[in-house]
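Peer 1: To be precise about what I am sending: the file is called my_file-v2.csv and holds CSV, N, CA and C atoms.
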```
chain,number,residue,atom,x,y,z
A,1,MET,N,11.4,-9.7,-12.9
A,1,MET,CA,10.0,-9.7,-12.8
A,1,MET,C,9.4,-8.4,-13.4
A,2,ARG,N,8.2,-8.5,-13.9
A,2,ARG,CA,7.6,-7.4,-14.7
A,2,ARG,C,7.1,-6.3,-13.7
A,3,SER,N,7.2,-5.1,-14.2
A,3,SER,CA,6.6,-4.0,-13.5
A,3,SER,C,5.2,-3.8,-13.9
A,4,MET,N,4.4,-3.0,-13.2
A,4,MET,CA,3.0,-2.8,-13.5
A,4,MET,C,2.6,-1.4,-13.2
A,5,SER,N,1.8,-0.8,-14.0
A,5,SER,CA,1.2,0.5,-13.8
A,5,SER,C,-0.3,0.5,-14.0
A,6,ILE,N,-1.0,1.2,-13.1
A,6,ILE,CA,-2.4,1.4,-13.3
A,6,ILE,C,-2.7,2.9,-13.2
A,7,PRO,N,-3.0,3.5,-14.3
A,7,PRO,CA,-3.2,5.0,-14.2
A,7,PRO,C,-4.4,5.3,-13.2
A,8,GLY,N,-4.2,6.4,-12.5
A,8,GLY,CA,-5.2,6.8,-11.5
A,8,GLY,C,-6.4,7.5,-12.3
A,9,THR,N,-7.5,7.5,-11.6
A,9,THR,CA,-8.7,8.3,-12.1
A,9,THR,C,-9.1,9.2,-10.9
A,10,LYS,N,-10.2,9.9,-11.1
A,10,LYS,CA,-10.7,10.7,-10.0
A,10,LYS,C,-11.1,9.9,-8.8
A,11,ASN,N,-11.5,8.6,-9.0
A,11,ASN,CA,-11.9,7.8,-7.9
A,11,ASN,C,-11.1,6.5,-7.7
A,12,SER,N,-9.9,6.4,-8.3
A,12,SER,CA,-9.1,5.3,-8.1
A,12,SER,C,-7.6,5.7,-8.1
A,13,LEU,N,-6.8,5.0,-7.4
A,13,LEU,CA,-5.4,5.3,-7.1
A,13,LEU,C,-4.6,5.1,-8.4
A,14,ASN,N,-3.5,5.9,-8.4
A,14,ASN,CA,-2.4,5.7,-9.4
A,14,ASN,C,-1.5,4.7,-8.8
A,15,ILE,N,-1.2,3.6,-9.5
A,15,ILE,CA,-0.4,2.5,-9.0
A,15,ILE,C,0.8,2.3,-9.8
A,16,GLU,N,2.0,2.3,-9.2
A,16,GLU,CA,3.2,1.9,-9.8
A,16,GLU,C,3.9,0.8,-9.0
A,17,LEU,N,4.1,-0.3,-9.7
A,17,LEU,CA,4.8,-1.5,-9.0
A,17,LEU,C,6.0,-1.8,-9.8
A,18,ASN,N,7.2,-1.7,-9.2
A,18,ASN,CA,8.4,-1.9,-9.9
A,18,ASN,C,9.0,-3.3,-9.6
A,19,GLY,N,9.0,-4.1,-10.6
A,19,GLY,CA,9.4,-5.5,-10.4
A,19,GLY,C,10.9,-5.7,-10.2
A,20,GLU,N,11.7,-4.6,-10.5
A,20,GLU,CA,13.2,-4.8,-10.2
A,20,GLU,C,13.6,-4.3,-8.8
A,21,THR,N,12.9,-3.2,-8.4
A,21,THR,CA,13.3,-2.7,-7.1
A,21,THR,C,12.4,-3.1,-5.9
A,22,GLY,N,11.2,-3.5,-6.2
A,22,GLY,CA,10.2,-3.9,-5.2
A,22,GLY,C,9.5,-2.7,-4.6
A,23,VAL,N,9.6,-1.5,-5.3
A,23,VAL,CA,8.9,-0.3,-4.8
A,23,VAL,C,7.5,-0.3,-5.3
A,24,MET,N,6.6,-0.1,-4.4
A,24,MET,CA,5.2,-0.1,-4.7
A,24,MET,C,4.7,1.3,-4.3
A,25,GLU,N,4.1,2.1,-5.3
A,25,GLU,CA,3.5,3.4,-5.0
A,25,GLU,C,2.0,3.4,-5.3
A,26,LEU,N,1.3,3.8,-4.3
A,26,LEU,CA,-0.2,4.0,-4.4
A,26,LEU,C,-0.4,5.4,-4.0
A,27,LYS,N,-1.0,6.2,-5.0
A,27,LYS,CA,-1.2,7.6,-4.8
A,27,LYS,C,-2.6,8.1,-5.2
A,28,GLY,N,-3.2,8.9,-4.5
A,28,GLY,CA,-4.5,9.5,-4.9
A,28,GLY,C,-5.6,9.2,-3.9
A,29,SER,N,-6.8,9.2,-4.5
A,29,SER,CA,-8.0,8.9,-3.8
A,29,SER,C,-8.5,7.5,-4.2
A,30,SER,N,-9.2,6.8,-3.3
A,30,SER,CA,-9.6,5.4,-3.6
A,30,SER,C,-11.1,5.2,-3.2
A,31,TYR,N,-12.0,5.3,-4.1
A,31,TYR,CA,-13.3,4.9,-3.9
A,31,TYR,C,-13.9,4.3,-5.2
A,32,PRO,N,-13.2,3.3,-5.8
A,32,PRO,CA,-13.6,2.7,-7.1
A,32,PRO,C,-14.9,2.0,-6.9
A,33,ASP,N,-15.6,1.7,-8.1
A,33,ASP,CA,-16.8,1.0,-8.1
A,33,ASP,C,-16.7,-0.4,-7.6
A,34,ASN,N,-15.7,-1.1,-7.9
A,34,ASN,CA,-15.5,-2.4,-7.4
A,34,ASN,C,-14.1,-2.5,-6.8
A,35,THR,N,-14.0,-2.3,-5.5
A,35,THR,CA,-12.7,-2.2,-4.9
A,35,THR,C,-11.9,-3.5,-4.9
A,36,ILE,N,-12.6,-4.6,-4.7
A,36,ILE,CA,-11.9,-5.9,-4.7
A,36,ILE,C,-11.3,-6.1,-6.1
A,37,GLU,N,-12.1,-5.9,-7.1
A,37,GLU,CA,-11.6,-6.1,-8.5
A,37,GLU,C,-10.4,-5.1,-8.8
A,38,PHE,N,-10.5,-3.9,-8.3
A,38,PHE,CA,-9.4,-3.0,-8.5
A,38,PHE,C,-8.1,-3.4,-7.8
A,39,PHE,N,-8.2,-3.9,-6.5
A,39,PHE,CA,-7.0,-4.3,-5.8
A,39,PHE,C,-6.4,-5.7,-6.1
A,40,ASP,N,-7.2,-6.5,-6.7
A,40,ASP,CA,-6.8,-7.9,-7.0
A,40,ASP,C,-5.5,-8.0,-7.8
A,41,PRO,N,-5.3,-7.2,-8.9
A,41,PRO,CA,-4.0,-7.3,-9.6
A,41,PRO,C,-2.8,-6.9,-8.7
A,42,ILE,N,-3.1,-6.0,-7.8
A,42,ILE,CA,-2.0,-5.5,-6.9
A,42,ILE,C,-1.6,-6.7,-5.9
A,43,TYR,N,-2.6,-7.4,-5.4
A,43,TYR,CA,-2.3,-8.5,-4.5
A,43,TYR,C,-1.5,-9.6,-5.3
A,44,THR,N,-2.0,-9.9,-6.5
A,44,THR,CA,-1.4,-10.9,-7.4
A,44,THR,C,0.1,-10.5,-7.7
A,45,TRP,N,0.3,-9.3,-8.0
A,45,TRP,CA,1.7,-8.8,-8.3
A,45,TRP,C,2.6,-9.0,-7.1
A,46,LEU,N,2.1,-8.5,-5.9
A,46,LEU,CA,2.9,-8.6,-4.7
A,46,LEU,C,3.2,-10.0,-4.3
A,47,LYS,N,2.2,-10.9,-4.4
A,47,LYS,CA,2.5,-12.3,-4.0
A,47,LYS,C,3.5,-12.9,-5.0
A,48,GLU,N,3.4,-12.6,-6.3
A,48,GLU,CA,4.3,-13.1,-7.2
A,48,GLU,C,5.7,-12.6,-6.9
A,49,TYR,N,5.8,-11.3,-6.6
A,49,TYR,CA,7.1,-10.7,-6.3
A,49,TYR,C,7.8,-11.3,-5.1
A,50,ILE,N,7.0,-11.5,-4.1
A,50,ILE,CA,7.5,-12.1,-2.8
A,50,ILE,C,7.9,-13.6,-3.1
A,51,PHE,N,7.2,-14.3,-3.9
A,51,PHE,CA,7.5,-15.7,-4.2
A,51,PHE,C,8.7,-15.8,-5.1
A,52,LYS,N,8.8,-15.0,-6.2
A,52,LYS,CA,9.8,-15.2,-7.2
A,52,LYS,C,11.1,-14.4,-6.8
A,53,VAL,N,10.9,-13.2,-6.4
A,53,VAL,CA,12.1,-12.3,-6.3
A,53,VAL,C,12.7,-12.4,-4.8
A,54,ARG,N,11.8,-12.4,-3.9
A,54,ARG,CA,12.1,-12.5,-2.4
A,54,ARG,C,13.0,-11.3,-2.0
A,55,GLY,N,12.9,-10.2,-2.7
A,55,GLY,CA,13.6,-9.0,-2.4
A,55,GLY,C,12.9,-8.1,-1.4
A,56,PRO,N,13.6,-7.0,-1.1
A,56,PRO,CA,12.9,-6.0,-0.2
A,56,PRO,C,11.7,-5.4,-0.9
A,57,VAL,N,10.7,-5.0,-0.1
A,57,VAL,CA,9.5,-4.3,-0.6
A,57,VAL,C,9.4,-3.0,0.1
A,58,GLU,N,9.3,-1.9,-0.6
A,58,GLU,CA,9.0,-0.6,-0.1
A,58,GLU,C,7.6,-0.2,-0.6
A,59,LEU,N,6.7,0.1,0.3
A,59,LEU,CA,5.4,0.5,0.0
A,59,LEU,C,5.2,2.0,0.3
A,60,ASN,N,5.0,2.8,-0.7
A,60,ASN,CA,4.8,4.2,-0.5
A,60,ASN,C,3.3,4.5,-0.7
A,61,LEU,N,2.6,5.0,0.4
A,61,LEU,CA,1.2,5.3,0.3
A,61,LEU,C,1.1,6.8,0.5
A,62,ASN,N,0.5,7.4,-0.5
A,62,ASN,CA,0.2,8.9,-0.5
A,62,ASN,C,-1.2,9.0,-0.9
A,63,LEU,N,-2.1,8.9,0.2
A,63,LEU,CA,-3.5,8.9,0.0
A,63,LEU,C,-4.2,10.2,0.4
A,64,GLN,N,-5.1,10.6,-0.5
A,64,GLN,CA,-5.9,11.8,-0.2
A,64,GLN,C,-7.2,11.5,0.5
A,65,TYR,N,-7.8,10.4,0.0
A,65,TYR,CA,-9.0,9.9,0.6
A,65,TYR,C,-9.2,8.4,0.3
A,66,ILE,N,-9.7,7.6,1.2
A,66,ILE,CA,-10.0,6.2,1.0
A,66,ILE,C,-11.3,5.9,1.7
A,67,ASP,N,-12.1,5.2,0.9
A,67,ASP,CA,-13.4,4.8,1.5
A,67,ASP,C,-13.2,3.5,2.4
A,68,THR,N,-14.3,3.1,3.0
A,68,THR,CA,-14.2,1.9,3.9
A,68,THR,C,-13.7,0.7,3.2
A,69,SER,N,-14.2,0.4,2.0
A,69,SER,CA,-13.8,-0.9,1.4
A,69,SER,C,-12.3,-0.8,0.9
A,70,SER,N,-11.9,0.4,0.5
A,70,SER,CA,-10.4,0.6,0.2
A,70,SER,C,-9.6,0.4,1.4
A,71,THR,N,-10.0,0.9,2.6
A,71,THR,CA,-9.3,0.8,3.8
A,71,THR,C,-9.1,-0.7,4.1
A,72,LYS,N,-10.1,-1.5,3.9
A,72,LYS,CA,-10.0,-3.0,4.1
A,72,LYS,C,-9.0,-3.6,3.2
A,73,CYS,N,-9.0,-3.2,1.9
A,73,CYS,CA,-8.1,-3.7,0.9
A,73,CYS,C,-6.7,-3.3,1.2
A,74,ILE,N,-6.4,-2.1,1.6
A,74,ILE,CA,-5.1,-1.7,2.0
A,74,ILE,C,-4.6,-2.5,3.2
A,75,PHE,N,-5.5,-2.7,4.2
A,75,PHE,CA,-5.2,-3.5,5.3
A,75,PHE,C,-4.8,-4.9,4.9
A,76,ASP,N,-5.5,-5.5,3.9
A,76,ASP,CA,-5.2,-6.8,3.4
A,76,ASP,C,-3.8,-6.8,2.8
A,77,LEU,N,-3.5,-5.8,2.0
A,77,LEU,CA,-2.2,-5.6,1.4
A,77,LEU,C,-1.1,-5.6,2.5
A,78,LEU,N,-1.3,-4.8,3.6
A,78,LEU,CA,-0.4,-4.7,4.6
A,78,LEU,C,-0.2,-6.1,5.4
A,79,GLU,N,-1.3,-6.9,5.5
A,79,GLU,CA,-1.2,-8.2,6.1
A,79,GLU,C,-0.3,-9.1,5.2
A,80,ILE,N,-0.4,-9.0,3.9
A,80,ILE,CA,0.5,-9.8,3.1
A,80,ILE,C,2.0,-9.4,3.4
A,81,LEU,N,2.2,-8.1,3.5
A,81,LEU,CA,3.6,-7.7,3.8
A,81,LEU,C,4.0,-8.1,5.2
A,82,GLU,N,3.1,-8.1,6.1
A,82,GLU,CA,3.4,-8.5,7.5
A,82,GLU,C,3.8,-10.0,7.5
A,83,THR,N,3.1,-10.8,6.8
A,83,THR,CA,3.5,-12.2,6.7
A,83,THR,C,4.9,-12.4,6.1
A,84,TYR,N,5.2,-11.7,5.1
A,84,TYR,CA,6.5,-11.7,4.4
A,84,TYR,C,7.6,-11.2,5.4
A,85,HIS,N,7.3,-10.2,6.2
A,85,HIS,CA,8.2,-9.6,7.1
A,85,HIS,C,8.5,-10.6,8.2
A,86,LYS,N,7.5,-11.4,8.7
A,86,LYS,CA,7.7,-12.4,9.7
A,86,LYS,C,8.5,-13.6,9.2
A,87,LYS,N,8.7,-13.7,7.9
A,87,LYS,CA,9.5,-14.7,7.3
A,87,LYS,C,10.8,-14.1,6.8
A,88,ASP,N,11.3,-13.0,7.5
A,88,ASP,CA,12.5,-12.4,7.3
A,88,ASP,C,12.6,-11.5,6.0
A,89,GLY,N,11.4,-11.2,5.4
A,89,GLY,CA,11.4,-10.3,4.2
A,89,GLY,C,11.6,-8.9,4.7
A,90,LYS,N,12.3,-8.1,4.0
A,90,LYS,CA,12.6,-6.7,4.3
A,90,LYS,C,11.4,-5.9,3.8
A,91,ILE,N,10.8,-5.1,4.7
A,91,ILE,CA,9.7,-4.3,4.4
A,91,ILE,C,9.8,-2.9,5.0
A,92,LEU,N,9.4,-1.9,4.2
A,92,LEU,CA,9.3,-0.5,4.7
A,92,LEU,C,8.0,0.1,4.1
A,93,VAL,N,7.2,0.6,5.0
A,93,VAL,CA,6.0,1.3,4.6
A,93,VAL,C,6.2,2.8,4.9
A,94,SER,N,6.1,3.6,3.8
A,94,SER,CA,6.2,5.1,4.0
A,94,SER,C,4.8,5.7,3.8
A,95,TRP,N,4.3,6.3,4.8
A,95,TRP,CA,2.9,6.9,4.8
A,95,TRP,C,3.1,8.4,4.6
A,96,PHE,N,2.7,8.9,3.5
A,96,PHE,CA,2.8,10.3,3.2
A,96,PHE,C,1.4,11.0,3.4
A,97,TYR,N,1.5,12.1,4.1
A,97,TYR,CA,0.2,12.9,4.3
A,97,TYR,C,0.5,14.4,4.3
A,98,GLU,N,-0.6,15.1,3.9
A,98,GLU,CA,-0.4,16.5,3.9
A,98,GLU,C,-0.3,17.0,5.3
A,99,LYS,N,0.5,18.0,5.6
A,99,LYS,CA,0.8,18.5,6.9
A,99,LYS,C,-0.4,18.8,7.7
A,100,ASN,N,-1.5,19.3,7.1
A,100,ASN,CA,-2.7,19.7,7.9
A,100,ASN,C,-3.8,18.6,7.9
A,101,ASP,N,-3.5,17.5,7.3
A,101,ASP,CA,-4.5,16.4,7.1
A,101,ASP,C,-4.4,15.4,8.3
A,102,GLU,N,-4.9,15.8,9.4
A,102,GLU,CA,-4.9,14.9,10.6
A,102,GLU,C,-5.6,13.6,10.5
A,103,ASP,N,-6.7,13.6,9.7
A,103,ASP,CA,-7.4,12.4,9.5
A,103,ASP,C,-6.6,11.3,8.8
A,104,MET,N,-5.9,11.8,7.7
A,104,MET,CA,-5.1,10.8,7.0
A,104,MET,C,-3.9,10.3,7.8
A,105,LYS,N,-3.3,11.3,8.6
A,105,LYS,CA,-2.2,10.9,9.5
A,105,LYS,C,-2.7,9.8,10.5
A,106,GLU,N,-3.9,10.0,11.1
A,106,GLU,CA,-4.4,9.1,12.0
A,106,GLU,C,-4.8,7.8,11.4
A,107,THR,N,-5.2,7.8,10.2
A,107,THR,CA,-5.5,6.5,9.5
A,107,THR,C,-4.2,5.7,9.4
A,108,GLY,N,-3.1,6.4,9.0
A,108,GLY,CA,-1.8,5.7,8.9
A,108,GLY,C,-1.4,5.1,10.2
A,109,GLU,N,-1.6,5.9,11.3
A,109,GLU,CA,-1.2,5.5,12.6
A,109,GLU,C,-2.0,4.3,13.1
A,110,GLU,N,-3.3,4.2,12.7
A,110,GLU,CA,-4.1,3.1,13.1
A,110,GLU,C,-3.6,1.8,12.3
A,111,PHE,N,-3.2,2.0,11.1
A,111,PHE,CA,-2.6,0.8,10.3
A,111,PHE,C,-1.3,0.4,11.0
A,112,ALA,N,-0.5,1.3,11.4
A,112,ALA,CA,0.8,1.0,12.0
A,112,ALA,C,0.6,0.3,13.3
A,113,GLU,N,-0.4,0.6,14.1
A,113,GLU,CA,-0.7,0.0,15.4
A,113,GLU,C,-1.1,-1.5,15.2
A,114,ASP,N,-1.8,-1.8,14.1
A,114,ASP,CA,-2.4,-3.1,13.9
A,114,ASP,C,-1.5,-4.0,13.1
A,115,ILE,N,-0.5,-3.5,12.5
A,115,ILE,CA,0.4,-4.4,11.6
A,115,ILE,C,1.8,-4.3,12.2
A,116,GLU,N,2.5,-5.4,12.2
A,116,GLU,CA,3.9,-5.4,12.8
A,116,GLU,C,4.9,-5.4,11.6
A,117,ILE,N,5.0,-4.2,11.0
A,117,ILE,CA,6.0,-3.9,10.0
A,117,ILE,C,6.5,-2.5,10.2
A,118,PRO,N,7.7,-2.2,9.7
A,118,PRO,CA,8.2,-0.8,9.9
A,118,PRO,C,7.4,0.2,9.1
A,119,PHE,N,7.0,1.3,9.8
A,119,PHE,CA,6.2,2.4,9.2
A,119,PHE,C,7.0,3.7,9.4
A,120,LYS,N,7.0,4.5,8.4
A,120,LYS,CA,7.7,5.8,8.4
A,120,LYS,C,6.6,6.8,8.0
A,121,PHE,N,6.4,7.9,8.8
A,121,PHE,CA,5.4,8.9,8.5
A,121,PHE,C,6.1,10.1,7.9
A,122,ILE,N,5.6,10.6,6.8
A,122,ILE,CA,6.3,11.8,6.1
A,122,ILE,C,5.2,12.8,5.8
A,123,SER,N,5.3,14.0,6.4
A,123,SER,CA,4.4,15.0,6.0
A,123,SER,C,5.0,15.9,5.0
A,124,TYR,N,4.1,16.5,4.2
A,124,TYR,CA,4.6,17.4,3.1
A,124,TYR,C,3.7,18.6,3.0
```
Could you show the structure in this file as structure tokens?

Peer 2:
Amino acid sequence: MRSMSIPGTKNSLNIELNGETGVMELKGSSYPDNTIEFFDPIYTWLKEYIFKVRGPVELNLNLQYIDTSSTKCIFDLLEILETYHKKDGKILVSWFYEKNDEDMKETGEEFAEDIEIPFKFISY
């Protein structure tokens, strides 16, 4: 399966999606002009990976800031993973946050409470 990269900007995430390993990395800040349009290729890639490869998925989220619409889109991404997990797909979400960034840590904890997939929290 093909890999995909979307370079980050000051208001959009850097995205790395590895079609061989199933590792998805989203890093940076997210407040793009059109959030749904930005996240659509990520959803498409993930659904294709799940359908064709059916391998494990590791989602690494290292977010500095996300606006409300990005929060919704990340939640939608996690719901896709939750559905896959419930069908015996192997999933791991790693939530990276700066040691002193309690807001971002709490955001990750809220996602983990609402979604039934393994979450790992890593401070740096």

Peer 1: Among the residues of region 58-116 of chain A, find those DSSP assigns to strand (DSSP E) from the backbone and print them as an MDAnalysis selection string.

Peer 2: chainID A and resid 58:66 91:97

Peer 1: At a cut-off of 6 Å, using all atoms listed in the file, what residues contact Asn60 (chain A)? Leave out same-chain residues fewer than 6 positions from it and give the result as a PDB file with N, CA and C atoms, keeping the file's coordinate frame.

Peer 2:
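The resulting file, out_2.pdb, is shown below:
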```pdb
ATOM      1  N   MET A  24       6.600  -0.100  -4.400  1.00  0.00           N
ATOM      2  CA  MET A  24       5.200  -0.100  -4.700  1.00  0.00           C
ATOM      3  C   MET A  24       4.700   1.300  -4.300  1.00  0.00           C
ATOM      4  N   GLU A  25       4.100   2.100  -5.300  1.00  0.00           N
ATOM      5  CA  GLU A  25       3.500   3.400  -5.000  1.00  0.00           C
ATOM      6  C   GLU A  25       2.000   3.400  -5.300  1.00  0.00           C
ATOM      7  N   LEU A  26       1.300   3.800  -4.300  1.00  0.00           N
ATOM      8  CA  LEU A  26      -0.200   4.000  -4.400  1.00  0.00           C
ATOM      9  C   LEU A  26      -0.400   5.400  -4.000  1.00  0.00           C
ATOM     10  N   VAL A  93       7.200   0.600   5.000  1.00  0.00           N
ATOM     11  CA  VAL A  93       6.000   1.300   4.600  1.00  0.00           C
ATOM     12  C   VAL A  93       6.200   2.800   4.900  1.00  0.00           C
ATOM     13  N   SER A  94       6.100   3.600   3.800  1.00  0.00           N
ATOM     14  CA  SER A  94       6.200   5.100   4.000  1.00  0.00           C
ATOM     15  C   SER A  94       4.800   5.700   3.800  1.00  0.00           C
ATOM     16  N   TRP A  95       4.300   6.300   4.800  1.00  0.00           N
ATOM     17  CA  TRP A  95       2.900   6.900   4.800  1.00  0.00           C
ATOM     18  C   TRP A  95       3.100   8.400   4.600  1.00  0.00           C
TER      19      TRP A  95
END
```

Peer 1: Using all atoms listed in the file, pick whichever of A:Ser29, A:Ile80, A:Ile6, A:Lys72 has the shortest atom-to-atom distance to Lys47 (chain A).

Peer 2: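 Ranking A:Ser29, A:Ile80, A:Ile6, A:Lys72 by distance to Lys47 (chain A), first place goes to A:Ile80.
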
Peer 1: Grab the atom C of His85 (chain A) to atom C of Ser30 (chain A) distance for me, in Å with one decimal place.

Peer 2: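 For atom C of His85 (chain A) relative to atom C of Ser30 (chain A), the distance reads 27.6 Å.
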
Peer 1: So which residues of chain A fall under alpha helix (DSSP H) by DSSP, listed as a tab-separated table (two decimals) with N, CA and C atoms, in the coordinates of the input?

Peer 2:
```tsv
chain	number	residue	atom	x	y	z
A	35	THR	N	-14.00	-2.30	-5.50
A	35	THR	CA	-12.70	-2.20	-4.90
A	35	THR	C	-11.90	-3.50	-4.90
A	36	ILE	N	-12.60	-4.60	-4.70
A	36	ILE	CA	-11.90	-5.90	-4.70
A	36	ILE	C	-11.30	-6.10	-6.10
A	37	GLU	N	-12.10	-5.90	-7.10
A	37	GLU	CA	-11.60	-6.10	-8.50
A	37	GLU	C	-10.40	-5.10	-8.80
A	38	PHE	N	-10.50	-3.90	-8.30
A	38	PHE	CA	-9.40	-3.00	-8.50
A	38	PHE	C	-8.10	-3.40	-7.80
A	39	PHE	N	-8.20	-3.90	-6.50
A	39	PHE	CA	-7.00	-4.30	-5.80
A	39	PHE	C	-6.40	-5.70	-6.10
A	40	ASP	N	-7.20	-6.50	-6.70
A	40	ASP	CA	-6.80	-7.90	-7.00
A	40	ASP	C	-5.50	-8.00	-7.80
A	41	PRO	N	-5.30	-7.20	-8.90
A	41	PRO	CA	-4.00	-7.30	-9.60
A	41	PRO	C	-2.80	-6.90	-8.70
A	42	ILE	N	-3.10	-6.00	-7.80
A	42	ILE	CA	-2.00	-5.50	-6.90
A	42	ILE	C	-1.60	-6.70	-5.90
A	43	TYR	N	-2.60	-7.40	-5.40
A	43	TYR	CA	-2.30	-8.50	-4.50
A	43	TYR	C	-1.50	-9.60	-5.30
A	44	THR	N	-2.00	-9.90	-6.50
A	44	THR	CA	-1.40	-10.90	-7.40
A	44	THR	C	0.10	-10.50	-7.70
A	45	TRP	N	0.30	-9.30	-8.00
A	45	TRP	CA	1.70	-8.80	-8.30
A	45	TRP	C	2.60	-9.00	-7.10
A	46	LEU	N	2.10	-8.50	-5.90
A	46	LEU	CA	2.90	-8.60	-4.70
A	46	LEU	C	3.20	-10.00	-4.30
A	47	LYS	N	2.20	-10.90	-4.40
A	47	LYS	CA	2.50	-12.30	-4.00
A	47	LYS	C	3.50	-12.90	-5.00
A	48	GLU	N	3.40	-12.60	-6.30
A	48	GLU	CA	4.30	-13.10	-7.20
A	48	GLU	C	5.70	-12.60	-6.90
A	49	TYR	N	5.80	-11.30	-6.60
A	49	TYR	CA	7.10	-10.70	-6.30
A	49	TYR	C	7.80	-11.30	-5.10
A	50	ILE	N	7.00	-11.50	-4.10
A	50	ILE	CA	7.50	-12.10	-2.80
A	50	ILE	C	7.90	-13.60	-3.10
A	51	PHE	N	7.20	-14.30	-3.90
A	51	PHE	CA	7.50	-15.70	-4.20
A	51	PHE	C	8.70	-15.80	-5.10
A	52	LYS	N	8.80	-15.00	-6.20
A	52	LYS	CA	9.80	-15.20	-7.20
A	52	LYS	C	11.10	-14.40	-6.80
A	68	THR	N	-14.30	3.10	3.00
A	68	THR	CA	-14.20	1.90	3.90
A	68	THR	C	-13.70	0.70	3.20
A	69	SER	N	-14.20	0.40	2.00
A	69	SER	CA	-13.80	-0.90	1.40
A	69	SER	C	-12.30	-0.80	0.90
A	70	SER	N	-11.90	0.40	0.50
A	70	SER	CA	-10.40	0.60	0.20
A	70	SER	C	-9.60	0.40	1.40
A	71	THR	N	-10.00	0.90	2.60
A	71	THR	CA	-9.30	0.80	3.80
A	71	THR	C	-9.10	-0.70	4.10
A	72	LYS	N	-10.10	-1.50	3.90
A	72	LYS	CA	-10.00	-3.00	4.10
A	72	LYS	C	-9.00	-3.60	3.20
A	73	CYS	N	-9.00	-3.20	1.90
A	73	CYS	CA	-8.10	-3.70	0.90
A	73	CYS	C	-6.70	-3.30	1.20
A	74	ILE	N	-6.40	-2.10	1.60
A	74	ILE	CA	-5.10	-1.70	2.00
A	74	ILE	C	-4.60	-2.50	3.20
A	75	PHE	N	-5.50	-2.70	4.20
A	75	PHE	CA	-5.20	-3.50	5.30
A	75	PHE	C	-4.80	-4.90	4.90
A	76	ASP	N	-5.50	-5.50	3.90
A	76	ASP	CA	-5.20	-6.80	3.40
A	76	ASP	C	-3.80	-6.80	2.80
A	77	LEU	N	-3.50	-5.80	2.00
A	77	LEU	CA	-2.20	-5.60	1.40
A	77	LEU	C	-1.10	-5.60	2.50
A	78	LEU	N	-1.30	-4.80	3.60
A	78	LEU	CA	-0.40	-4.70	4.60
A	78	LEU	C	-0.20	-6.10	5.40
A	79	GLU	N	-1.30	-6.90	5.50
A	79	GLU	CA	-1.20	-8.20	6.10
A	79	GLU	C	-0.30	-9.10	5.20
A	80	ILE	N	-0.40	-9.00	3.90
A	80	ILE	CA	0.50	-9.80	3.10
A	80	ILE	C	2.00	-9.40	3.40
A	81	LEU	N	2.20	-8.10	3.50
A	81	LEU	CA	3.60	-7.70	3.80
A	81	LEU	C	4.00	-8.10	5.20
A	82	GLU	N	3.10	-8.10	6.10
A	82	GLU	CA	3.40	-8.50	7.50
A	82	GLU	C	3.80	-10.00	7.50
A	83	THR	N	3.10	-10.80	6.80
A	83	THR	CA	3.50	-12.20	6.70
A	83	THR	C	4.90	-12.40	6.10
A	84	TYR	N	5.20	-11.70	5.10
A	84	TYR	CA	6.50	-11.70	4.40
A	84	TYR	C	7.60	-11.20	5.40
A	85	HIS	N	7.30	-10.20	6.20
A	85	HIS	CA	8.20	-9.60	7.10
A	85	HIS	C	8.50	-10.60	8.20
A	86	LYS	N	7.50	-11.40	8.70
A	86	LYS	CA	7.70	-12.40	9.70
A	86	LYS	C	8.50	-13.60	9.20
A	102	GLU	N	-4.90	15.80	9.40
A	102	GLU	CA	-4.90	14.90	10.60
A	102	GLU	C	-5.60	13.60	10.50
A	103	ASP	N	-6.70	13.60	9.70
A	103	ASP	CA	-7.40	12.40	9.50
A	103	ASP	C	-6.60	11.30	8.80
A	104	MET	N	-5.90	11.80	7.70
A	104	MET	CA	-5.10	10.80	7.00
A	104	MET	C	-3.90	10.30	7.80
A	105	LYS	N	-3.30	11.30	8.60
A	105	LYS	CA	-2.20	10.90	9.50
A	105	LYS	C	-2.70	9.80	10.50
A	106	GLU	N	-3.90	10.00	11.10
A	106	GLU	CA	-4.40	9.10	12.00
A	106	GLU	C	-4.80	7.80	11.40
A	107	THR	N	-5.20	7.80	10.20
A	107	THR	CA	-5.50	6.50	9.50
A	107	THR	C	-4.20	5.70	9.40
A	108	GLY	N	-3.10	6.40	9.00
A	108	GLY	CA	-1.80	5.70	8.90
A	108	GLY	C	-1.40	5.10	10.20
A	109	GLU	N	-1.60	5.90	11.30
A	109	GLU	CA	-1.20	5.50	12.60
A	109	GLU	C	-2.00	4.30	13.10
A	110	GLU	N	-3.30	4.20	12.70
A	110	GLU	CA	-4.10	3.10	13.10
A	110	GLU	C	-3.60	1.80	12.30
A	111	PHE	N	-3.20	2.00	11.10
A	111	PHE	CA	-2.60	0.80	10.30
A	111	PHE	C	-1.30	0.40	11.00
A	112	ALA	N	-0.50	1.30	11.40
A	112	ALA	CA	0.80	1.00	12.00
A	112	ALA	C	0.60	0.30	13.30
A	113	GLU	N	-0.40	0.60	14.10
A	113	GLU	CA	-0.70	0.00	15.40
A	113	GLU	C	-1.10	-1.50	15.20
A	114	ASP	N	-1.80	-1.80	14.10
A	114	ASP	CA	-2.40	-3.10	13.90
A	114	ASP	C	-1.50	-4.00	13.10
```
